[in-house]
file final.pdb (PDB, C-alpha atoms, pLDDT in the B column)
ATOM      1  CA  GLU T 252      11.937 -24.294   1.023  1.00 84.00           C
ATOM      2  CA  LEU T 253      10.596 -22.226  -1.838  1.00 84.00           C
ATOM      3  CA  HIS T 254       7.008 -23.080  -0.920  1.00 84.00           C
ATOM      4  CA  ALA T 255       7.597 -22.133   2.714  1.00 86.00           C
ATOM      5  CA  ALA T 256       9.314 -18.882   1.720  1.00 84.00           C
ATOM      6  CA  SER T 257       6.522 -17.912  -0.667  1.00 83.00           C
ATOM      7  CA  ASN T 258       4.036 -18.192   2.182  1.00 80.00           C
ATOM      8  CA  LYS T 259       6.032 -15.672   4.179  1.00 78.00           C
ATOM      9  CA  ASN T 260       7.241 -13.261   1.512  1.00 81.00           C
ATOM     10  CA  PHE T 261       4.874 -11.831  -1.115  1.00 78.00           C
ATOM     11  CA  ILE T 262       7.764 -10.901  -3.428  1.00 83.00           C
ATOM     12  CA  ILE T 263       8.880 -14.533  -3.567  1.00 86.00           C
ATOM     13  CA  LYS T 264       5.275 -15.641  -3.986  1.00 84.00           C
ATOM     14  CA  ARG T 265       4.758 -13.362  -7.003  1.00 82.00           C
ATOM     15  CA  ASN T 266       8.040 -14.561  -8.537  1.00 87.00           C
ATOM     16  CA  LYS T 267       7.718 -18.230  -7.626  1.00 90.00           C
ATOM     17  CA  ARG T 268       7.442 -19.413 -11.252  1.00 90.00           C
ATOM     18  CA  PHE T 269      10.546 -17.452 -12.231  1.00 91.00           C
ATOM     19  CA  ILE T 270      12.515 -18.780  -9.248  1.00 91.00           C
ATOM     20  CA  ASN T 271      11.478 -22.338 -10.131  1.00 90.00           C
ATOM     21  CA  LYS T 272      12.781 -21.761 -13.646  1.00 88.00           C
ATOM     22  CA  ILE T 273      16.114 -20.562 -12.246  1.00 89.00           C
ATOM     23  CA  LYS T 274      16.258 -23.632 -10.005  1.00 88.00           C
ATOM     24  CA  ASP T 275      15.756 -25.943 -12.997  1.00 86.00           C
ATOM     25  CA  ILE T 276      18.424 -24.138 -15.008  1.00 83.00           C
ATOM     26  CA  ARG T 277      20.859 -24.386 -12.118  1.00 82.00           C
ATOM     27  CA  ASN T 278      20.229 -28.121 -11.784  1.00 81.00           C
ATOM     28  CA  LEU T 279      20.798 -28.686 -15.487  1.00 77.00           C
ATOM     29  CA  LEU T 280      24.023 -26.704 -15.424  1.00 75.00           C
ATOM     30  CA  GLN T 281      25.290 -28.591 -12.402  1.00 74.00           C
ATOM     31  CA  HIS T 282      24.233 -32.046 -13.565  1.00 68.00           C
ATOM     32  CA  PRO T 283      24.366 -32.291 -17.376  1.00 62.00           C
ATOM     33  CA  ASN T 284      23.339 -35.750 -18.541  1.00 63.00           C
ATOM     34  CA  HIS T 285      22.890 -35.476 -22.288  1.00 61.00           C
ATOM     35  CA  GLU T 286      25.439 -36.229 -24.989  1.00 67.00           C
ATOM     36  CA  LYS T 287      24.281 -33.754 -27.593  1.00 66.00           C
ATOM     37  CA  SER T 288      26.808 -31.466 -29.240  1.00 68.00           C
ATOM     38  CA  TYR T 289      24.715 -28.404 -28.551  1.00 68.00           C
ATOM     39  CA  ASP T 290      23.595 -26.774 -25.313  1.00 68.00           C
ATOM     40  CA  ALA T 291      20.192 -27.591 -23.877  1.00 68.00           C
ATOM     41  CA  PHE T 292      19.522 -23.869 -23.465  1.00 74.00           C
ATOM     42  CA  GLU T 293      21.226 -20.497 -23.558  1.00 78.00           C
ATOM     43  CA  VAL T 294      21.252 -18.163 -20.594  1.00 81.00           C
ATOM     44  CA  SER T 295      20.437 -14.739 -21.990  1.00 88.00           C
ATOM     45  CA  GLN T 296      21.609 -11.432 -20.550  1.00 92.00           C
ATOM     46  CA  GLN T 297      17.975 -10.519 -19.920  1.00 92.00           C
ATOM     47  CA  LEU T 298      17.584 -13.570 -17.686  1.00 89.00           C
ATOM     48  CA  VAL T 299      20.736 -12.637 -15.764  1.00 91.00           C
ATOM     49  CA  ASP T 300      19.523  -9.051 -15.369  1.00 93.00           C
ATOM     50  CA  ASP T 301      16.067 -10.184 -14.186  1.00 91.00           C
ATOM     51  CA  LEU T 302      17.607 -12.488 -11.595  1.00 91.00           C
ATOM     52  CA  ALA T 303      20.004  -9.797 -10.403  1.00 93.00           C
ATOM     53  CA  GLY T 304      17.088  -7.412 -10.043  1.00 89.00           C
ATOM     54  CA  LEU T 305      15.077  -9.888  -7.986  1.00 89.00           C
ATOM     55  CA  ILE T 306      18.046 -10.625  -5.721  1.00 91.00           C
ATOM     56  CA  ASN T 307      18.544  -6.899  -5.171  1.00 89.00           C
ATOM     57  CA  VAL T 308      14.888  -6.426  -4.231  1.00 84.00           C
ATOM     58  CA  LEU T 309      15.029  -9.324  -1.774  1.00 86.00           C
ATOM     59  CA  LYS T 310      18.276  -8.110  -0.200  1.00 88.00           C
ATOM     60  CA  ASN T 311      17.234  -4.470  -0.131  1.00 87.00           C
ATOM     61  CA  PRO T 312      13.446  -4.372   0.246  1.00 85.00           C
ATOM     62  CA  LYS T 313      11.704  -1.037  -0.127  1.00 88.00           C
ATOM     63  CA  LYS T 314      10.511   0.719   2.980  1.00 93.00           C
ATOM     64  CA  ALA T 315       7.648   3.029   3.821  1.00 95.00           C
ATOM     65  CA  ALA T 316       9.821   6.072   3.158  1.00 95.00           C
ATOM     66  CA  ASP T 317      10.488   4.794  -0.379  1.00 93.00           C
ATOM     67  CA  ILE T 318       6.891   4.204  -1.459  1.00 93.00           C
ATOM     68  CA  CYS T 319       4.795   6.693   0.504  1.00 94.00           C
ATOM     69  CA  VAL T 320       3.314   9.875  -0.878  1.00 94.00           C
ATOM     70  CA  PRO T 321       5.517  12.533   0.788  1.00 96.00           C
ATOM     71  CA  PHE T 322       3.834  15.130   2.962  1.00 95.00           C
ATOM     72  CA  LYS T 323       4.266  17.960   0.445  1.00 94.00           C
ATOM     73  CA  GLN T 324       2.297  15.981  -2.152  1.00 95.00           C
ATOM     74  CA  ILE T 325      -0.545  14.915   0.150  1.00 95.00           C
ATOM     75  CA  PHE T 326      -3.885  16.613  -0.392  1.00 95.00           C
ATOM     76  CA  SER T 327      -5.218  17.405   3.069  1.00 96.00           C
ATOM     77  CA  ILE T 328      -7.931  19.500   4.677  1.00 96.00           C
ATOM     78  CA  THR T 329      -8.430  21.257   7.989  1.00 96.00           C
ATOM     79  CA  MET T 330     -11.376  21.587  10.344  1.00 96.00           C
ATOM     80  CA  GLY T 331     -12.385  24.775   8.530  1.00 95.00           C
ATOM     81  CA  SER T 332     -12.277  23.350   5.003  1.00 96.00           C
ATOM     82  CA  HIS T 333     -15.419  23.143   2.888  1.00 94.00           C
ATOM     83  CA  ILE T 334     -16.464  19.568   2.182  1.00 93.00           C
ATOM     84  CA  ILE T 335     -17.510  20.485  -1.360  1.00 92.00           C
ATOM     85  CA  ASP T 336     -13.883  21.421  -2.122  1.00 94.00           C
ATOM     86  CA  ALA T 337     -12.630  18.128  -0.720  1.00 93.00           C
ATOM     87  CA  THR T 338     -15.087  16.007  -2.696  1.00 92.00           C
ATOM     88  CA  THR T 339     -14.299  17.918  -5.894  1.00 94.00           C
ATOM     89  CA  ALA T 340     -10.580  17.305  -5.462  1.00 94.00           C
ATOM     90  CA  MET T 341     -11.237  13.631  -4.752  1.00 93.00           C
ATOM     91  CA  GLN T 342     -13.270  13.221  -7.935  1.00 92.00           C
ATOM     92  CA  GLU T 343     -10.770  15.069 -10.111  1.00 94.00           C
ATOM     93  CA  ASN T 344      -7.697  13.255  -8.767  1.00 93.00           C
ATOM     94  CA  ASN T 345      -9.130   9.848  -7.807  1.00 89.00           C
ATOM     95  CA  PHE T 346      -8.272  10.348  -4.146  1.00 90.00           C
ATOM     96  CA  THR T 347      -9.863   7.809  -1.824  1.00 88.00           C
ATOM     97  CA  HIS T 348      -8.855   9.222   1.566  1.00 92.00           C
ATOM     98  CA  VAL T 349      -8.113  12.777   2.645  1.00 95.00           C
ATOM     99  CA  PRO T 350      -6.229  13.422   5.916  1.00 96.00           C
ATOM    100  CA  ILE T 351      -7.649  16.046   8.257  1.00 96.00           C
ATOM    101  CA  LEU T 352      -4.760  17.917   9.887  1.00 95.00           C
ATOM    102  CA  ASP T 353      -4.394  20.427  12.695  1.00 94.00           C
ATOM    103  CA  GLU T 354      -2.056  23.432  12.757  1.00 92.00           C
ATOM    104  CA  GLU T 355       0.890  21.199  13.686  1.00 91.00           C
ATOM    105  CA  THR T 356       0.202  18.824  10.758  1.00 91.00           C
ATOM    106  CA  LYS T 357      -0.950  16.104  13.121  1.00 92.00           C
ATOM    107  CA  LEU T 358      -3.759  13.813  12.033  1.00 93.00           C
ATOM    108  CA  LEU T 359      -7.220  14.505  13.434  1.00 93.00           C
ATOM    109  CA  GLY T 360      -9.180  12.162  11.218  1.00 93.00           C
ATOM    110  CA  VAL T 361      -9.670  10.897   7.673  1.00 94.00           C
ATOM    111  CA  PHE T 362     -12.340  12.068   5.243  1.00 94.00           C
ATOM    112  CA  SER T 363     -13.611   9.551   2.677  1.00 90.00           C
ATOM    113  CA  GLU T 364     -16.758   8.421   0.899  1.00 86.00           C
ATOM    114  CA  ASN T 365     -17.574   6.441   4.023  1.00 85.00           C
ATOM    115  CA  SER T 366     -17.591   9.687   6.000  1.00 88.00           C
ATOM    116  CA  LEU T 367     -20.242  11.214   3.763  1.00 84.00           C
ATOM    117  CA  PHE T 368     -22.269   8.018   3.689  1.00 83.00           C
ATOM    118  CA  SER T 369     -22.311   7.861   7.485  1.00 84.00           C
ATOM    119  CA  TYR T 370     -23.211  11.544   7.674  1.00 84.00           C
ATOM    120  CA  PHE T 371     -26.142  11.134   5.294  1.00 80.00           C
ATOM    121  CA  CYS T 372     -27.406   8.083   7.161  1.00 81.00           C
ATOM    122  CA  SER T 373     -27.145   9.729  10.556  1.00 76.00           C
ATOM    123  CA  ASP T 374     -30.193  11.953  10.179  1.00 70.00           C
ATOM    124  CA  ASP T 375     -31.819  11.068   6.856  1.00 63.00           C
ATOM    125  CA  ILE T 376     -29.906  13.871   5.143  1.00 62.00           C
ATOM    126  CA  LEU T 377     -30.338  13.807   1.370  1.00 56.00           C
ATOM    127  CA  ASP T 378     -27.837  16.472   0.312  1.00 62.00           C
ATOM    128  CA  ALA T 379     -24.838  18.319   1.721  1.00 64.00           C
ATOM    129  CA  SER T 380     -24.909  22.091   1.481  1.00 75.00           C
ATOM    130  CA  GLU T 381     -21.968  23.992   0.032  1.00 82.00           C
ATOM    131  CA  SER T 382     -21.414  25.578   3.445  1.00 87.00           C
ATOM    132  CA  LEU T 383     -20.773  22.217   5.110  1.00 90.00           C
ATOM    133  CA  LEU T 384     -17.375  22.234   6.843  1.00 93.00           C
ATOM    134  CA  THR T 385     -15.090  19.456   8.006  1.00 94.00           C
ATOM    135  CA  LYS T 386     -15.812  20.276  11.635  1.00 94.00           C
ATOM    136  CA  ASP T 387     -19.510  19.648  10.991  1.00 91.00           C
ATOM    137  CA  ILE T 388     -18.891  15.999  10.116  1.00 91.00           C
ATOM    138  CA  ILE T 389     -15.691  15.273  12.051  1.00 93.00           C
ATOM    139  CA  GLN T 390     -17.499  12.647  14.123  1.00 90.00           C
ATOM    140  CA  PHE T 391     -17.870  10.594  10.939  1.00 90.00           C
ATOM    141  CA  CYS T 392     -14.162  10.849  10.071  1.00 90.00           C
ATOM    142  CA  SER T 393     -12.937   8.483  12.757  1.00 85.00           C
ATOM    143  CA  MET T 394      -9.612   6.660  12.516  1.00 81.00           C
ATOM    144  CA  ASP T 395     -11.459   3.466  13.395  1.00 76.00           C
ATOM    145  CA  HIS T 396     -14.421   3.260  11.056  1.00 69.00           C
ATOM    146  CA  ARG T 397     -16.922   0.444  10.930  1.00 67.00           C
ATOM    147  CA  SER T 398     -15.554  -0.845   7.631  1.00 77.00           C
ATOM    148  CA  GLU T 399     -11.949   0.397   7.649  1.00 83.00           C
ATOM    149  CA  ILE T 400      -9.197   1.452  10.015  1.00 87.00           C
ATOM    150  CA  PHE T 401      -6.057   3.553   9.681  1.00 91.00           C
ATOM    151  CA  LYS T 402      -2.642   2.830  11.144  1.00 93.00           C
ATOM    152  CA  PHE T 403       0.590   4.674  11.799  1.00 95.00           C
ATOM    153  CA  ILE T 404       3.968   3.253  10.788  1.00 96.00           C
ATOM    154  CA  LYS T 405       7.613   4.287  10.840  1.00 96.00           C
ATOM    155  CA  PRO T 406       9.511   5.314   7.681  1.00 97.00           C
ATOM    156  CA  SER T 407      11.658   2.182   8.125  1.00 95.00           C
ATOM    157  CA  THR T 408       8.741  -0.268   7.925  1.00 95.00           C
ATOM    158  CA  HIS T 409       9.487  -2.842   5.196  1.00 90.00           C
ATOM    159  CA  ILE T 410       7.205  -3.161   2.193  1.00 88.00           C
ATOM    160  CA  GLU T 411       6.505  -6.797   3.081  1.00 85.00           C
ATOM    161  CA  ARG T 412       5.019  -5.729   6.420  1.00 88.00           C
ATOM    162  CA  ILE T 413       3.034  -2.980   4.680  1.00 91.00           C
ATOM    163  CA  TYR T 414       1.646  -5.501   2.192  1.00 87.00           C
ATOM    164  CA  ASP T 415       0.571  -7.743   5.074  1.00 86.00           C
ATOM    165  CA  MET T 416      -1.269  -4.848   6.711  1.00 88.00           C
ATOM    166  CA  PHE T 417      -3.353  -4.197   3.601  1.00 87.00           C
ATOM    167  CA  THR T 418      -4.119  -7.848   2.879  1.00 83.00           C
ATOM    168  CA  SER T 419      -4.805  -9.019   6.434  1.00 77.00           C
ATOM    169  CA  ILE T 420      -8.339  -8.905   7.807  1.00 69.00           C
ATOM    170  CA  GLU T 421      -8.347  -6.979  11.074  1.00 63.00           C
ATOM    171  CA  SER T 422     -11.852  -8.043  12.027  1.00 68.00           C
ATOM    172  CA  PRO T 423     -14.998  -9.177  10.177  1.00 69.00           C
ATOM    173  CA  ASN T 424     -15.782  -6.734   7.339  1.00 72.00           C
ATOM    174  CA  GLN T 425     -12.970  -4.342   8.327  1.00 77.00           C
ATOM    175  CA  ARG T 426      -9.831  -3.542   6.358  1.00 84.00           C
ATOM    176  CA  VAL T 427      -6.949  -1.073   6.439  1.00 88.00           C
ATOM    177  CA  GLY T 428      -7.920   2.026   4.465  1.00 88.00           C
ATOM    178  CA  ALA T 429      -4.560   3.789   4.525  1.00 92.00           C
ATOM    179  CA  LEU T 430      -1.297   3.948   6.438  1.00 95.00           C
ATOM    180  CA  PHE T 431       0.191   7.170   7.783  1.00 96.00           C
ATOM    181  CA  VAL T 432       3.920   7.633   8.210  1.00 96.00           C
ATOM    182  CA  THR T 433       5.379   9.528  11.163  1.00 95.00           C
ATOM    183  CA  ALA T 434       8.901   9.592  12.602  1.00 94.00           C
ATOM    184  CA  SER T 435       8.009   7.348  15.540  1.00 95.00           C
ATOM    185  CA  GLY T 436       5.118   5.479  13.974  1.00 95.00           C
ATOM    186  CA  LYS T 437       2.756   7.104  16.460  1.00 93.00           C
ATOM    187  CA  SER T 438      -0.185   9.450  15.955  1.00 89.00           C
ATOM    188  CA  SER T 439       1.349  12.039  18.281  1.00 89.00           C
ATOM    189  CA  ASP T 440       3.992  12.964  15.684  1.00 92.00           C
ATOM    190  CA  GLN T 441       3.678  15.140  12.600  1.00 93.00           C
ATOM    191  CA  LEU T 442       2.582  13.429   9.407  1.00 95.00           C
ATOM    192  CA  THR T 443       5.423  12.815   6.950  1.00 95.00           C
ATOM    193  CA  GLY T 444       3.814  10.483   4.419  1.00 96.00           C
ATOM    194  CA  MET T 445       0.775   8.446   3.419  1.00 96.00           C
ATOM    195  CA  ILE T 446       0.350   5.026   1.805  1.00 95.00           C
ATOM    196  CA  THR T 447      -2.787   3.631   0.169  1.00 90.00           C
ATOM    197  CA  ALA T 448      -3.403   0.236  -1.412  1.00 86.00           C
ATOM    198  CA  TRP T 449      -2.647   1.769  -4.829  1.00 84.00           C
ATOM    199  CA  ASP T 450       0.836   2.771  -3.671  1.00 85.00           C
ATOM    200  CA  ILE T 451       1.698  -0.738  -2.533  1.00 82.00           C
ATOM    201  CA  LEU T 452       0.315  -2.287  -5.732  1.00 76.00           C
ATOM    202  CA  SER T 453       2.443  -0.011  -7.921  1.00 74.00           C
ATOM    203  CA  ASN T 454       5.573  -1.087  -6.064  1.00 71.00           C
ATOM    204  CA  ILE T 455       5.096  -4.857  -6.183  1.00 62.00           C
ATOM    205  CA  VAL T 456       7.672  -6.634  -8.314  1.00 45.00           C
ATOM    206  CA  ASP T 457       6.107  -8.372 -11.314  1.00 44.00           C
TER     207      ASP T 457
END
call {"tool": "encode", "arguments": {"input": "final.pdb", "output": "structure tokens"}}
result
Amino acid sequence: ELHAASNKNFIIKRNKRFINKIKDIRNLLQHPNHEKSYDAFEVSQQLVDDLAGLINVLKNPKKAADICVPFKQIFSITMGSHIIDATTAMQENNFTHVPILDEETKLLGVFSENSLFSYFCSDDILDASESLLTKDIIQFCSMDHRSEIFKFIKPSTHIERIYDMFTSIESPNQRVGALFVTASGKSSDQLTGMITAWDILSNIVD
């Protein structure tokens, strides 16, 4: 049962060794077969606390709303933004993807290193001028790039499903670059949050 569960739930998979230890302790407590005057082991408070924490995580898994970068903290650009400003912010803050929003905070595209690479390759361009705007390269900021795609999810989407999205291969050589949170999980709604692979990694139970 544990093996089957670990194949379906990444939290169980990452804690499989710990759960096996708990299983062994339970069996020893239920079926003692030694005649020594001392206990075979002592259950520490730390072990109890760790188990309680794991049970709580399994019963109450985090959702997209719990782990996403909220809208107010998302660095975004518009069609009139200078690309040089976006790339500078990405370098200084280790951003990998920058949402491109319209006046209603709806997603128009995603700017990333792939966007610049595609732009440079499109016409043998060697350098981007400081006057280059988002609108000048918007065709290279597609939501369905050659090497990565972007999806929309609801705030209630469980972390297990989010993990699966990042680890699953959509098609040959294509992965999920980021997830965008909207009220309905559709692109027609205003953006309320953003999740990258780094966000999911920082929320995985060790």
call {"tool": "residues_around", "arguments": {"input": "final.pdb", "residues": "Leu298 in chain T", "least_positions_apart": "6", "cutoff": "10 Å", "atoms": "only C-alpha atoms", "output": "mmCIF file with C-alpha atoms, keeping the file's coordinate frame"}}
result
data_model
loop_
_atom_site.group_PDB
_atom_site.id
_atom_site.type_symbol
_atom_site.label_atom_id
_atom_site.label_comp_id
_atom_site.auth_asym_id
_atom_site.auth_seq_id
_atom_site.Cartn_x
_atom_site.Cartn_y
_atom_site.Cartn_z
ATOM 1 C CA PHE T 269 10.546 -17.452 -12.231
ATOM 2 C CA ILE T 273 16.114 -20.562 -12.246
ATOM 3 C CA GLY T 304 17.088 -7.412 -10.043
#
call {"tool": "axis_aligned_box", "arguments": {"input": "final.pdb", "around": "range 362-365 of chain T", "padding_each_side": "4 Å", "output": "lines of an AutoDock Vina configuration file"}}
result
center_x = -15.0
center_y = 9.3
center_z = 3.1
size_x = 13.2
size_y = 13.6
size_z = 12.3
call {"tool": "resolve_selection", "arguments": {"input": "final.pdb", "expression": "the PyMOL selection byres ((chain T and resi 433) around 10)", "output": "PyMOL selection string"}}
result
chain T and resi 316+357+403-406+430-432+434-445
call {"tool": "closest_residue", "arguments": {"input": "final.pdb", "among": "T:Thr408, T:Asn344, T:Ser393, T:Gln324", "to": "Leu358 in chain T", "atoms": "all atoms listed in the file"}}
result
T:Ser393
call {"tool": "atom_distance", "arguments": {"input": "final.pdb", "atom1": "CA of Gln390 in chain T", "atom2": "CA of Ser369 in chain T"}}
result
9.5 Å
call {"tool": "residues_near_point", "arguments": {"input": "final.pdb", "point": "(-14.0, 21.3, 4.0)", "cutoff": "10 Å", "atoms": "all atoms listed in the file", "output": "number ranges by chain"}}
result
T: 327-338, 351, 362, 381-388
call {"tool": "atom_distance", "arguments": {"input": "final.pdb", "atom1": "CA of Phe368 in chain T", "atom2": "CA of Ile389 in chain T"}}
result
12.9 Å
call {"tool": "closest_residue", "arguments": {"input": "final.pdb", "among": "T:Val294, T:Ile325, T:Val349, T:Ile263", "to": "Arg277 in chain T", "atoms": "all atoms listed in the file"}}
result
T:Val294
call {"tool": "atom_distance", "arguments": {"input": "final.pdb", "atom1": "CA of Ser380 in chain T", "atom2": "CA of Thr347 in chain T"}}
result
21.0 Å
call {"tool": "closest_residue", "arguments": {"input": "final.pdb", "among": "T:Ala429, T:Asn365, T:Pro350, T:Asp301", "to": "Phe322 in chain T", "atoms": "all atoms listed in the file"}}
result
T:Pro350
call {"tool": "closest_residue", "arguments": {"input": "final.pdb", "among": "T:Lys267, T:Phe261, T:Cys392, T:Gln297", "to": "Thr418 in chain T", "atoms": "only C-alpha atoms"}}
result
T:Phe261
call {"tool": "closest_residue", "arguments": {"input": "final.pdb", "among": "T:Tyr370, T:Tyr414, T:Phe292, T:Trp449", "to": "Ile262 in chain T", "atoms": "only C-alpha atoms"}}
result
T:Tyr414
call {"tool": "resolve_selection", "arguments": {"input": "final.pdb", "expression": "the PyMOL selection byres ((chain T and resi 451-455) around 12)", "output": "PyMOL selection string"}}
result
chain T and resi 260-266+305+308-309+312-315+317-320+409-418+429-430+445-450+456-457
call {"tool": "write_last_selection", "arguments": {"input": "final.pdb", "atoms": "C-alpha atoms", "output": "CSV table (one decimal), in the frame of the given file"}}
result
chain,number,residue,atom,x,y,z
T,260,ASN,CA,7.2,-13.3,1.5
T,261,PHE,CA,4.9,-11.8,-1.1
T,262,ILE,CA,7.8,-10.9,-3.4
T,263,ILE,CA,8.9,-14.5,-3.6
T,264,LYS,CA,5.3,-15.6,-4.0
T,265,ARG,CA,4.8,-13.4,-7.0
T,266,ASN,CA,8.0,-14.6,-8.5
T,305,LEU,CA,15.1,-9.9,-8.0
T,308,VAL,CA,14.9,-6.4,-4.2
T,309,LEU,CA,15.0,-9.3,-1.8
T,312,PRO,CA,13.4,-4.4,0.2
T,313,LYS,CA,11.7,-1.0,-0.1
T,314,LYS,CA,10.5,0.7,3.0
T,315,ALA,CA,7.6,3.0,3.8
T,317,ASP,CA,10.5,4.8,-0.4
T,318,ILE,CA,6.9,4.2,-1.5
T,319,CYS,CA,4.8,6.7,0.5
T,320,VAL,CA,3.3,9.9,-0.9
T,409,HIS,CA,9.5,-2.8,5.2
T,410,ILE,CA,7.2,-3.2,2.2
T,411,GLU,CA,6.5,-6.8,3.1
T,412,ARG,CA,5.0,-5.7,6.4
T,413,ILE,CA,3.0,-3.0,4.7
T,414,TYR,CA,1.6,-5.5,2.2
T,415,ASP,CA,0.6,-7.7,5.1
T,416,MET,CA,-1.3,-4.8,6.7
T,417,PHE,CA,-3.4,-4.2,3.6
T,418,THR,CA,-4.1,-7.8,2.9
T,429,ALA,CA,-4.6,3.8,4.5
T,430,LEU,CA,-1.3,3.9,6.4
T,445,MET,CA,0.8,8.4,3.4
T,446,ILE,CA,0.4,5.0,1.8
T,447,THR,CA,-2.8,3.6,0.2
T,448,ALA,CA,-3.4,0.2,-1.4
T,449,TRP,CA,-2.6,1.8,-4.8
T,450,ASP,CA,0.8,2.8,-3.7
T,456,VAL,CA,7.7,-6.6,-8.3
T,457,ASP,CA,6.1,-8.4,-11.3
call {"tool": "closest_residue", "arguments": {"input": "final.pdb", "among": "T:Asp353, T:Lys310, T:His348, T:Ala303", "to": "Val427 in chain T", "atoms": "only C-alpha atoms"}}
result
T:His348
call {"tool": "residues_around", "arguments": {"input": "final.pdb", "residues": "Met394 in chain T", "least_positions_apart": "5", "cutoff": "8 Å", "atoms": "all atoms listed in the file", "output": "VMD selection string"}}
result
chain T and resid 360 to 361 400 to 401
call {"tool": "decode", "arguments": {"input": "final.pdb", "residues": "range 444-450 of chain T", "atoms": "all heavy atoms", "output": "mmCIF file, in the first residue's frame"}}
result
data_model
loop_
_atom_site.group_PDB
_atom_site.id
_atom_site.type_symbol
_atom_site.label_atom_id
_atom_site.label_comp_id
_atom_site.auth_asym_id
_atom_site.auth_seq_id
_atom_site.Cartn_x
_atom_site.Cartn_y
_atom_site.Cartn_z
ATOM 1 N N GLY T 444 -1.956 35.431 -9.103
ATOM 2 C CA GLY T 444 -0.751 34.834 -8.542
ATOM 3 C C GLY T 444 0.059 34.111 -9.600
ATOM 4 O O GLY T 444 -0.411 33.896 -10.719
ATOM 5 N N MET T 445 1.271 33.734 -9.238
ATOM 6 C CA MET T 445 2.186 33.075 -10.175
ATOM 7 C C MET T 445 3.010 32.040 -9.419
ATOM 8 O O MET T 445 3.426 32.269 -8.275
ATOM 9 C CB MET T 445 3.094 34.121 -10.814
ATOM 10 C CG MET T 445 4.151 33.580 -11.749
ATOM 11 S SD MET T 445 5.116 34.959 -12.469
ATOM 12 C CE MET T 445 6.348 34.038 -13.393
ATOM 13 N N ILE T 446 3.241 30.893 -10.044
ATOM 14 C CA ILE T 446 4.019 29.825 -9.423
ATOM 15 C C ILE T 446 5.094 29.345 -10.389
ATOM 16 O O ILE T 446 4.793 29.020 -11.538
ATOM 17 C CB ILE T 446 3.124 28.626 -9.046
ATOM 18 C CG1 ILE T 446 2.041 29.060 -8.053
ATOM 19 C CG2 ILE T 446 3.963 27.497 -8.442
ATOM 20 C CD1 ILE T 446 1.051 27.957 -7.734
ATOM 21 N N THR T 447 6.333 29.312 -9.925
ATOM 22 C CA THR T 447 7.433 28.762 -10.717
ATOM 23 C C THR T 447 7.910 27.476 -10.051
ATOM 24 O O THR T 447 7.458 27.118 -8.956
ATOM 25 C CB THR T 447 8.615 29.748 -10.802
ATOM 26 O OG1 THR T 447 9.191 29.915 -9.489
ATOM 27 C CG2 THR T 447 8.160 31.095 -11.335
ATOM 28 N N ALA T 448 8.827 26.793 -10.692
ATOM 29 C CA ALA T 448 9.364 25.547 -10.131
ATOM 30 C C ALA T 448 10.026 25.798 -8.778
ATOM 31 O O ALA T 448 9.987 24.951 -7.885
ATOM 32 C CB ALA T 448 10.360 24.927 -11.104
ATOM 33 N N TRP T 449 10.624 26.971 -8.595
ATOM 34 C CA TRP T 449 11.287 27.296 -7.330
ATOM 35 C C TRP T 449 10.274 27.380 -6.204
ATOM 36 O O TRP T 449 10.576 27.026 -5.053
ATOM 37 C CB TRP T 449 12.064 28.608 -7.456
ATOM 38 C CG TRP T 449 13.172 28.525 -8.456
ATOM 39 C CD1 TRP T 449 13.243 29.139 -9.675
ATOM 40 C CD2 TRP T 449 14.381 27.747 -8.347
ATOM 41 N NE1 TRP T 449 14.395 28.800 -10.326
ATOM 42 C CE2 TRP T 449 15.116 27.954 -9.536
ATOM 43 C CE3 TRP T 449 14.890 26.911 -7.365
ATOM 44 C CZ2 TRP T 449 16.348 27.333 -9.757
ATOM 45 C CZ3 TRP T 449 16.116 26.297 -7.601
ATOM 46 C CH2 TRP T 449 16.828 26.523 -8.773
ATOM 47 N N ASP T 450 9.076 27.870 -6.488
ATOM 48 C CA ASP T 450 8.047 27.986 -5.459
ATOM 49 C C ASP T 450 7.583 26.613 -4.988
ATOM 50 O O ASP T 450 7.368 26.404 -3.790
ATOM 51 C CB ASP T 450 6.845 28.779 -5.988
ATOM 52 C CG ASP T 450 7.214 30.199 -6.387
ATOM 53 O OD1 ASP T 450 7.894 30.864 -5.604
ATOM 54 O OD2 ASP T 450 6.815 30.635 -7.496
#
